[in-house]
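Engineer: Right, I'll just put the structure down here and ask away after.
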Amino acid sequence: MPVSKTEQILGVLMARLETITGATVERNSAVPEKIPTGGLIILRDGTADEPEKPLGGFGGIYCRQNAEIEIYVENGDAAARDAAFDILLQQIGTVLDADPTLGGLAFGMTYSRPEIDTEAVIGGPAIKAGTLIVAIEFEADTALG
């Protein structure tokens, strides 16, 4: 059975994120108790907006997938943690901006500034985390993407 357009798009996005050096990149995984030294990026499928079909039934169905990119950095030194998080965030921005059409699979994508939180860990270094929402717009053959 062929892979859905949504899955193709998420696969390409995952492959692009995997080009970021130093960070561990995973998809839809649980957050581990220990964050890898270079940081952790988790791509989550997110949610889909209601698909739209053009009037007259011509063409495909227009879809929007709101994928989530979670970023985690762990370090006991606040300045080092902030710097590592910022570097990782800039690398993700560079990857997303390099080809907003994801090789022609999408019309384009936009992303938001992340919601950022720093969590204290009892007996361990603090974790800085953020989530970017990446809105990807594309045309599919079915409402299921």
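We label chains A, B, ... in the order they appear in the structure tokens, count residues from 1 in each chain, and number ligands from 1 in the order shown.
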Need to verify the contact set: stretch 107-116 of chain A, 6 Å, only C-alpha atoms, exclusion of same-chain residues closer than 3 positions in sequence. Can you return it as a list in words?
Structural biologist: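 Contacts, with the query itself left out: Pro100, Thr101, Ala129, Gly130, Thr131, Leu132, Ile133, Val134, Ala135, Ile136, Glu137 and Phe138 of chain A.
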Engineer: Now that the selection is made, can you save its residues with N, CA and C atoms as a short mmCIF file (atom, residue, chain, number, x, y, z; two decimals), in the first residue's frame?
Structural biologist:
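Saved as result.cif:
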```
data_model
loop_
_atom_site.label_atom_id
_atom_site.label_comp_id
_atom_site.auth_asym_id
_atom_site.auth_seq_id
_atom_site.Cartn_x
_atom_site.Cartn_y
_atom_site.Cartn_z
N PRO A 100 11.17 25.09 2.40
CA PRO A 100 9.84 25.07 3.00
C PRO A 100 8.83 24.18 2.27
N THR A 101 9.14 23.76 1.03
CA THR A 101 8.22 22.88 0.30
C THR A 101 8.55 21.40 0.53
N ALA A 129 13.31 23.11 27.86
CA ALA A 129 12.53 22.46 26.81
C ALA A 129 11.69 23.49 26.08
N GLY A 130 11.43 23.22 24.83
CA GLY A 130 10.58 24.09 24.03
C GLY A 130 9.88 23.29 22.95
N THR A 131 8.73 23.79 22.51
CA THR A 131 7.97 23.12 21.45
C THR A 131 7.65 24.12 20.35
N LEU A 132 8.06 23.78 19.13
CA LEU A 132 7.72 24.57 17.95
C LEU A 132 6.55 23.89 17.26
N ILE A 133 5.58 24.67 16.82
CA ILE A 133 4.49 24.16 16.00
C ILE A 133 4.84 24.48 14.56
N VAL A 134 4.89 23.45 13.72
CA VAL A 134 5.22 23.62 12.30
C VAL A 134 3.96 23.32 11.50
N ALA A 135 3.40 24.34 10.86
CA ALA A 135 2.20 24.19 10.05
C ALA A 135 2.61 23.93 8.61
N ILE A 136 2.24 22.76 8.11
CA ILE A 136 2.61 22.34 6.76
C ILE A 136 1.33 22.24 5.92
N GLU A 137 1.30 22.97 4.81
CA GLU A 137 0.13 22.97 3.95
C GLU A 137 0.46 22.22 2.67
N PHE A 138 -0.48 21.32 2.28
CA PHE A 138 -0.22 20.49 1.12
C PHE A 138 -1.54 20.02 0.51
#
```
Engineer: Go through stretch 6-44 of chain A and collect every residue that DSSP, computed from the backbone, puts in strand (DSSP E or B); the answer should be as an mmCIF file with all heavy atoms, in the first residue's frame.
Structural biologist:
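Final output, saved to out-v3.cif:
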```cif
data_model
loop_
_atom_site.group_PDB
_atom_site.id
_atom_site.type_symbol
_atom_site.label_atom_id
_atom_site.label_comp_id
_atom_site.auth_asym_id
_atom_site.auth_seq_id
_atom_site.Cartn_x
_atom_site.Cartn_y
_atom_site.Cartn_z
ATOM 1 N N THR A 24 20.363 14.255 19.274
ATOM 2 C CA THR A 24 19.657 13.012 19.006
ATOM 3 C C THR A 24 18.264 13.379 18.508
ATOM 4 O O THR A 24 17.590 14.212 19.110
ATOM 5 C CB THR A 24 19.546 12.163 20.291
ATOM 6 O OG1 THR A 24 20.872 11.882 20.765
ATOM 7 C CG2 THR A 24 18.796 10.874 20.049
ATOM 8 N N VAL A 25 17.840 12.782 17.390
ATOM 9 C CA VAL A 25 16.540 13.090 16.798
ATOM 10 C C VAL A 25 15.697 11.823 16.796
ATOM 11 O O VAL A 25 16.141 10.770 16.344
ATOM 12 C CB VAL A 25 16.694 13.636 15.357
ATOM 13 C CG1 VAL A 25 15.338 13.976 14.765
ATOM 14 C CG2 VAL A 25 17.612 14.848 15.336
ATOM 15 N N GLU A 26 14.477 11.936 17.326
ATOM 16 C CA GLU A 26 13.554 10.809 17.397
ATOM 17 C C GLU A 26 12.183 11.254 16.925
ATOM 18 O O GLU A 26 11.922 12.449 16.823
ATOM 19 C CB GLU A 26 13.471 10.275 18.837
ATOM 20 C CG GLU A 26 14.806 9.785 19.367
ATOM 21 C CD GLU A 26 14.746 9.335 20.814
ATOM 22 O OE1 GLU A 26 13.674 9.460 21.455
ATOM 23 O OE2 GLU A 26 15.774 8.857 21.311
ATOM 24 N N ARG A 27 11.327 10.278 16.674
ATOM 25 C CA ARG A 27 9.962 10.597 16.245
ATOM 26 C C ARG A 27 8.954 9.911 17.152
ATOM 27 O O ARG A 27 9.013 8.696 17.358
ATOM 28 C CB ARG A 27 9.741 10.174 14.792
ATOM 29 C CG ARG A 27 8.355 10.543 14.298
ATOM 30 C CD ARG A 27 8.219 10.443 12.813
ATOM 31 N NE ARG A 27 6.815 10.585 12.449
ATOM 32 C CZ ARG A 27 6.279 10.083 11.371
ATOM 33 N NH1 ARG A 27 7.033 9.425 10.505
ATOM 34 N NH2 ARG A 27 5.008 10.239 11.121
ATOM 35 N N LEU A 40 18.149 16.808 22.647
ATOM 36 C CA LEU A 40 17.189 15.861 22.091
ATOM 37 C C LEU A 40 16.130 16.628 21.317
ATOM 38 O O LEU A 40 15.589 17.628 21.804
ATOM 39 C CB LEU A 40 16.528 15.054 23.218
ATOM 40 C CG LEU A 40 15.407 14.096 22.831
ATOM 41 C CD1 LEU A 40 15.931 12.975 21.940
ATOM 42 C CD2 LEU A 40 14.752 13.526 24.083
ATOM 43 N N ILE A 41 15.839 16.157 20.110
ATOM 44 C CA ILE A 41 14.775 16.704 19.276
ATOM 45 C C ILE A 41 13.786 15.578 19.023
ATOM 46 O O ILE A 41 14.178 14.498 18.572
ATOM 47 C CB ILE A 41 15.323 17.224 17.929
ATOM 48 C CG1 ILE A 41 16.347 18.330 18.157
ATOM 49 C CG2 ILE A 41 14.190 17.700 17.032
ATOM 50 C CD1 ILE A 41 17.128 18.709 16.904
ATOM 51 N N ILE A 42 12.517 15.826 19.332
ATOM 52 C CA ILE A 42 11.481 14.824 19.066
ATOM 53 C C ILE A 42 10.456 15.436 18.114
ATOM 54 O O ILE A 42 9.853 16.461 18.420
ATOM 55 C CB ILE A 42 10.782 14.355 20.348
ATOM 56 C CG1 ILE A 42 11.795 13.723 21.310
ATOM 57 C CG2 ILE A 42 9.671 13.348 20.015
ATOM 58 C CD1 ILE A 42 11.210 13.295 22.652
ATOM 59 N N LEU A 43 10.292 14.806 16.955
ATOM 60 C CA LEU A 43 9.262 15.211 16.011
ATOM 61 C C LEU A 43 7.992 14.440 16.354
ATOM 62 O O LEU A 43 8.002 13.216 16.426
ATOM 63 C CB LEU A 43 9.693 14.903 14.567
ATOM 64 C CG LEU A 43 8.632 15.118 13.484
ATOM 65 C CD1 LEU A 43 8.196 16.579 13.420
ATOM 66 C CD2 LEU A 43 9.128 14.627 12.145
ATOM 67 N N ARG A 44 6.924 15.170 16.595
ATOM 68 C CA ARG A 44 5.621 14.561 16.868
ATOM 69 C C ARG A 44 4.691 14.874 15.697
ATOM 70 O O ARG A 44 4.732 15.966 15.138
ATOM 71 C CB ARG A 44 5.032 15.102 18.159
ATOM 72 C CG ARG A 44 5.948 14.828 19.341
ATOM 73 C CD ARG A 44 5.189 14.545 20.608
ATOM 74 N NE ARG A 44 6.101 14.350 21.718
ATOM 75 C CZ ARG A 44 6.658 13.197 22.062
ATOM 76 N NH1 ARG A 44 6.393 12.121 21.371
ATOM 77 N NH2 ARG A 44 7.473 13.111 23.098
#
```
Engineer: Which is closer to A:Ala48 than all the others in A:Thr19, A:Thr6, A:Asp77, A:Lys128, using only C-alpha atoms?
Structural biologist: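 When distances to A:Ala48 are compared using only C-alpha atoms, the smallest one comes from A:Thr6.
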Engineer: Do you know which residues are at most 10 Å from A:Glu50 counting only C-alpha atoms, after dropping those on the same chain fewer than 4 positions away, and could you put them as a PyMOL selection string?
Structural biologist: chain A and resi 62-65+143
Engineer: Which distance in Å separates atom CA of A:Ile127 and atom CA of A:Ala83, to one decimal?
Structural biologist: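 Taking atom CA of A:Ile127 as the start and atom CA of A:Ala83 as the end point, the length is 12.8 Å.
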